[in-house]
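Chemist: This is the structure I have questions about; it appears just below.
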Protein chains: 2
Amino acid sequence: MLRTHTCGELRAGQIGQEVTLTGWAQRIRDKGGMVWIDLRDRYGITQLMFEEGSSTPEALETAKKTGREFVLTAAGTVIERVSKNDKLPTGDVEIKVKDLKILNPSEVPPFMIEDETDGGEDLRMKYRYLDLRRNPVRKSLELRHLINRKVREYLDKKDFIEVETPYLIKSTPEGARDFIVPSRMNPGQFYALPQSPQTFKQLLMVSGFDRYYQIVKCFRDEDLRADRQPEFTQIDCEMAFVEQSDILSTFEGLIRFLYKEVKGIELGELPHMTYDEAMKKYGSDKPDIRFGMEFHELTDLAQGKGFGVFDQSELVVGINVPGGSEYTRKQLDALTDFVKKPQIGAKGLVYVRCQADGTFKSSVDKFYSADDLAGWSARFEASPGDLLLILAGETAATRKALNELRLEMGSQLGLRDKEMVAPLWVIDFPLLEWDEESQRYHAMHHPFTSPKPEDMDKLDTAPGEIKASAYDMVINGVEVGGGSIRIHDKNLQSKMFDALGFTREEAQAQFGFLLGAFKYGAPPHGGIAFGFDRLCALFGGQDSIRDFIAFPKNTSGRDVMIDSPSPVADEQMKELQIKLDLRD
Amino acid sequence: MLRTHTCGELRAGQIGQEVTLTGWAQRIRDKGGMVWIDLRDRYGITQLMFEEGSSTPEALETAKKTGREFVLTAAGTVIERVSKNDKLPTGDVEIKVKDLKILNPSEVPPFMIEDETDGGEDLRMKYRYLDLRRNPVRKSLELRHLINRKVREYLDKKDFIEVETPYLIKSTPEGARDFIVPSRMNPGQFYALPQSPQTFKQLLMVSGFDRYYQIVKCFRDEDLRADRQPEFTQIDCEMAFVEQSDILSTFEGLIRFLYKEVKGIELGELPHMTYDEAMKKYGSDKPDIRFGMEFHELTDLAQGKGFGVFDQSELVVGINVPGGSEYTRKQLDALTDFVKKPQIGAKGLVYVRCQADGTFKSSVDKFYSADDLAGWSARFEASPGDLLLILAGETAATRKALNELRLEMGSQLGLRDKEMVAPLWVIDFPLLEWDEESQRYHAMHHPFTSPKPEDMDKLDTAPGEIKASAYDMVINGVEVGGGSIRIHDKNLQSKMFDALGFTREEAQAQFGFLLGAFKYGAPPHGGIAFGFDRLCALFGGQDSIRDFIAFPKNTSGRDVMIDSPSPVADEQMKELQIKLDLRD
């Protein structure tokens, strides 16, 4: 090694030792006869001190011409620091440097390598290799490594085997778009990159692997929202000979283990909430239950009093904002603007102030009496000083909009505390959802999800009403994982493909291998997959997954650092027997 | 869980317990009033016993109609087995079954699910999910998981951080062919799948990550030889502030740890052999040193005696086969045929029998006296009873052919013992190799490999003579890992690209980000990558990597189980703005 110690290692106990350190110059202070350099590496920062007499003339001269981010090797003696720095673990000592060598100079970096940088997002991404030198980004990736290790530790102990499944697989039109890969050896044919190892992990269950996991990259060619990546990492798991409760307890155990080991937090048992209840009470299948403000339905009380908007609505529903009655007219107008934003889509917002004196003041006083409003207030379990916010319209859209409003109020009132952890299982998802555009059912989870045993017979009669043995783990309003008990019966799987509008030929062409496997003794099985990037961001207390990925892509799917994707050579296209077919 | 115990768990201590087991019917014996079923799962086999009286009539009936590979759940009592089976860990007990249920029936599998199967390679691959039920295949993948865990354990302890690098990267024409991925969001542009994370791990060193590893899939679109896969797994590692010796000792430590933990074998220090010595003594840069039979050069002694073949050869070289003088004429003819095979390419084989009485008998007695042959024998350090096998021709080709002959003789004489472990480092590889076809130098390792410090100045004058700080780890004639100290100086890297015939523009377009990174303080660094599939096969004592990969592809790059690659829908091509351009 070019060093004897790292920059995070030396303490008072090593005073007097001869050491050699290597690292980057974080900060240089030149006082003429003396120079100090803060030397940084992954492990910490140690102060180097140069002075005439102790340092060779060459070392002092080199120190003086050292710039920020120069790579240095410094040899000298550990001494006690006169003015100690209690913010640094190494702050009791410094190195009286004898010899100094520049291992590599550096141009002035385009942004400060500091916790708070002056670099904008674009600049940071272009020079990601410099951004990664910053403490917060490095720590995020160290956290990711720690969580990765702990996940493995838990699953290994529970007899799970990691099995690597292939990356060059087969394109299936179901679900999101696949990335495809032309095969040179099979001209005109393509591999697809996996959206998940779903079918392979099920085959491993058919093979008797019993308990499988994999921390694995998956790929989806979707239009990217701010915080989606075309490639992302899953903790992918599957178990055989289980019922839903076994999977929930095993992976609830994983999350409890992670919070304990990584954050020192003891989680209790995770509450279960049905999909129907989550939609009714929170308007979302991933409710943030760090705070209350549950939905209260008001349709029966609000209709028939002459207020046309409510009378014509399928659902009238609201939340009680505790202590919100002091919201000003301006604040309420801002909330109205918020719910009317196109992405939220409400037509308007009705409010009722439950005033301190027990009276009510609402935006619909024209239509409702004080008694009416008192009835609403009772339904909302409101107290004087609270504020009722009410939306109305078509059920699904209104719940969705009220969910957004609830989250906004949670944020405004500081109720979405990053230090709190509020996990739950959302269970009993619908098996199918009707797609207006294609006029057919889609699988809500995926086509391999099993209906709940008691709903099996509805597949022919009322497919839209079937509940699935499917579950999501939700923490602080984020869906961190989801899974299901799978179908293991070939006839049921065929029926499921029928219900999804696959012809027998299509089902056979795309999933023939799975249907084939089910002929040879498939055990009951089920599993789950966690979004690893998202889980890491959650543990890191951040909303964006960006800094938990070493080299992320931007919202156009570009890696601006390596400038990819990029055109390829004609020769390569010719070998692959494809050509461009660009639209104008 | 649908079971209380696994099929590998029960022992005499549990006699009398009520248990429920699940698994597959491995073997069914029906003796009328009694039926036995061997129930198998991943953990073992337990015998189920059914008899009138103990079992319900339904259970007995169900047992009688159970076929091979049916999935069962059986509830009953653990009893002592009358005729114990000491080949099974569970062989002291059996289950007196009360209730039996078929969880899933099975068609008769297309081949036997036994250690030695009657299924051919093609059938096994088509029904890989059944092949994976066989013990040897499952054990191979369990071994893989164990090695994976142990690799992580060692590297984690040494402060390495796993960082996931991207899979959708940039195509570079250097090296093997890339698989490319059309980008829908960037029409006309393509990602490439990584042949290795080389440049990314170097960037991580520039970022100060100090010690990186990743167990990662890599991709090469090459024409596949019998034992290559288009996707394969690497243990990819990189360290900063190191010299070559640090990397060798760190990863020699890894291999020693793995052999100790996985196989209980203590390896000593690994010998170092230069590339030149390996080529001279073994004709290979991955010598199998489980046995001797080193090369002896004979050019000086063999020329000038009137034997034209030798006189016109650049090199005359041979091996001494100990105790081989009894090889019959027929055996020697077979060896001659062997070396004349096109893939070996020798013109012929000269032999000298060192007979028991001290005389010599050779195929070139016409040209050489007994004294000449005695001189050869001395050079070969041969004893009476040995056999000298000699090839001649152009140096590189002759060494290559003699390497093949040496390995063949090692195999014939049983010297390539799978139980032996003979690892070594091959070091000091040439930096560049001349490519006749393109009339330019290629990087022997890759363009980022550093010349040895003492050879730096030859880059302008004698590039072909430069040795690199590059090393391979070779075990039993298999290259399991290779790496190098990297260039970290931007000027040297530019010079290297020059030497490889890149224009400045090409170098900038392809590797601009790396050259850019080197401007901002790149530390000295180096690394290594191990072929994980190959390493697992080596530990498993097998030549083929096929069974250490759950779902391998065949030599046409096809997954015959899922039938991939396959055509994709026109709609998908249209979205990607590409079309087929098939040659007739």
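How things are named: the first chain in the structure tokens is A, the next is B, and so on; residues count from 1 in each chain; ligands count from 1 in the order shown.
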How close does each residue of stretch 183-252 of chain A get to stretch 545-548 of chain A, giving the shortest atom pair and distance in Å to one decimal for every residue with an atom at most 10 Å away, counting only C-alpha atoms, sorted by chain and residue number, as a Markdown table?
Modeler:
```
| residue | atom | partner | partner_atom | distance |
| --- | --- | --- | --- | --- |
| A:Ala226 | CA | A:Arg546 | CA | 9.6 |
| A:Asp227 | CA | A:Ile545 | CA | 6.6 |
| A:Arg228 | CA | A:Ile545 | CA | 8.2 |
| A:Gln229 | CA | A:Arg546 | CA | 8.8 |
| A:Phe232 | CA | A:Ile545 | CA | 10.0 |
```
Chemist: For B:Gln542, please output as number ranges by chain all residues within 12 Å (counting only C-alpha atoms; exclusion window: fewer than 2 positions along the same chain).
Modeler: B: 136-137, 140, 227, 417-419, 476, 478, 533-540, 544-548
Chemist: Check the smallest atom-to-atom distance from each of B:Asp156, B:Glu294, B:Glu116, B:Asp498 to chain A using only C-alpha atoms, then report the winner.
Modeler: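 Of B:Asp156, B:Glu294, B:Glu116, B:Asp498, the one nearest chain A is B:Asp156, counting only C-alpha atoms.
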Chemist: Do you have the atom CA of B:Glu269-atom CA of B:Pro287 distance handy?
Modeler: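 So the two atoms, atom CA of B:Glu269 and atom CA of B:Pro287, lie 17.0 Å apart.
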Chemist: Env of B:Arg583: 12 Å cut, atoms = only C-alpha atoms, seq-sep filter 4 positions within chain, self excluded. Answer as an NGL selection string.
Modeler: :A and (184 or 187-188 or 574-579)
Chemist: Keeping only all heavy atoms, write the selected residues as a compact mmCIF listing (two decimals), in the first residue's frame.
Modeler:
```txt
# COMPACT_ATOMS: atom_id res chain seq x y z
N ARG A 184 -27.34 -11.25 -32.89
CA ARG A 184 -26.56 -11.39 -34.12
C ARG A 184 -26.58 -12.82 -34.62
O ARG A 184 -26.64 -13.08 -35.82
CB ARG A 184 -25.11 -10.96 -33.83
CG ARG A 184 -24.18 -10.95 -35.02
CD ARG A 184 -22.80 -10.47 -34.60
NE ARG A 184 -22.29 -11.23 -33.47
CZ ARG A 184 -21.65 -12.40 -33.58
NH1 ARG A 184 -21.42 -12.94 -34.76
NH2 ARG A 184 -21.23 -13.03 -32.51
N PRO A 187 -30.53 -13.88 -36.54
CA PRO A 187 -30.96 -12.63 -37.18
C PRO A 187 -32.49 -12.52 -37.22
O PRO A 187 -33.19 -13.51 -37.46
CB PRO A 187 -30.39 -12.74 -38.59
CG PRO A 187 -29.29 -13.74 -38.50
CD PRO A 187 -29.68 -14.69 -37.42
N GLY A 188 -32.98 -11.30 -36.99
CA GLY A 188 -34.42 -11.08 -36.99
C GLY A 188 -35.05 -11.38 -35.65
O GLY A 188 -36.24 -11.18 -35.47
N LYS A 574 -25.08 -3.63 -39.46
CA LYS A 574 -25.09 -4.59 -40.56
C LYS A 574 -24.96 -6.01 -40.01
O LYS A 574 -25.65 -6.92 -40.44
CB LYS A 574 -23.96 -4.26 -41.55
CG LYS A 574 -24.31 -4.59 -42.99
CD LYS A 574 -23.24 -4.08 -43.95
CE LYS A 574 -23.52 -2.64 -44.38
NZ LYS A 574 -22.44 -2.10 -45.23
N GLU A 575 -24.05 -6.17 -39.06
CA GLU A 575 -23.86 -7.49 -38.46
C GLU A 575 -25.13 -7.98 -37.76
O GLU A 575 -25.42 -9.17 -37.74
CB GLU A 575 -22.75 -7.44 -37.41
CG GLU A 575 -21.37 -7.59 -37.97
CD GLU A 575 -20.38 -8.04 -36.89
OE1 GLU A 575 -20.52 -7.60 -35.73
OE2 GLU A 575 -19.49 -8.82 -37.21
N LEU A 576 -25.86 -7.03 -37.18
CA LEU A 576 -27.08 -7.39 -36.46
C LEU A 576 -28.28 -7.51 -37.39
O LEU A 576 -29.35 -7.93 -36.98
CB LEU A 576 -27.37 -6.34 -35.38
CG LEU A 576 -26.36 -6.27 -34.24
CD1 LEU A 576 -26.60 -5.05 -33.38
CD2 LEU A 576 -26.44 -7.55 -33.40
N GLN A 577 -28.05 -7.10 -38.66
CA GLN A 577 -29.11 -7.17 -39.67
C GLN A 577 -30.35 -6.37 -39.26
O GLN A 577 -31.49 -6.82 -39.37
CB GLN A 577 -29.45 -8.63 -40.01
CG GLN A 577 -28.19 -9.39 -40.45
CD GLN A 577 -28.46 -10.76 -41.03
OE1 GLN A 577 -29.46 -10.98 -41.71
NE2 GLN A 577 -27.55 -11.70 -40.79
N ILE A 578 -30.07 -5.17 -38.75
CA ILE A 578 -31.15 -4.21 -38.50
C ILE A 578 -30.74 -2.88 -39.11
O ILE A 578 -29.57 -2.65 -39.38
CB ILE A 578 -31.44 -4.00 -36.99
CG1 ILE A 578 -30.17 -3.54 -36.26
CG2 ILE A 578 -31.99 -5.25 -36.36
CD1 ILE A 578 -30.41 -3.09 -34.83
N LYS A 579 -31.71 -2.02 -39.34
CA LYS A 579 -31.36 -0.65 -39.70
C LYS A 579 -32.33 0.33 -39.08
O LYS A 579 -33.40 -0.04 -38.59
CB LYS A 579 -31.27 -0.47 -41.21
CG LYS A 579 -32.51 -0.77 -41.98
CD LYS A 579 -32.22 -0.59 -43.49
CE LYS A 579 -33.42 -0.98 -44.31
NZ LYS A 579 -33.13 -0.92 -45.76
```
Chemist: Quick one: residues within 12 Å of A:Gln572, only C-alpha atoms, excluding same-chain residues fewer than 4 positions away - as a CSV table (one decimal) with C-alpha atoms, in the first residue's frame?
Modeler:
```
chain,number,residue,atom,x,y,z
A,182,PRO,CA,-31.0,-7.8,-31.3
A,183,SER,CA,-29.4,-11.3,-31.6
A,184,ARG,CA,-26.6,-11.4,-34.1
A,567,PRO,CA,-25.2,6.1,-32.4
A,568,VAL,CA,-23.5,2.9,-33.3
A,576,LEU,CA,-27.1,-7.4,-36.5
A,577,GLN,CA,-29.1,-7.2,-39.7
A,578,ILE,CA,-31.2,-4.2,-38.5
A,579,LYS,CA,-31.4,-0.6,-39.7
B,171,SER,CA,-20.9,0.9,-27.1
B,172,THR,CA,-17.2,0.9,-27.7
B,173,PRO,CA,-15.7,-0.9,-30.7
B,176,ALA,CA,-15.3,-8.2,-28.2
B,177,ARG,CA,-18.7,-7.3,-29.8
B,178,ASP,CA,-21.2,-5.5,-27.6
B,179,PHE,CA,-24.8,-6.4,-27.3
B,180,ILE,CA,-26.7,-3.2,-28.1
B,190,PHE,CA,-28.3,2.7,-28.6
B,192,ALA,CA,-24.7,-1.2,-25.0
B,221,ASP,CA,-21.7,-11.1,-28.2
```
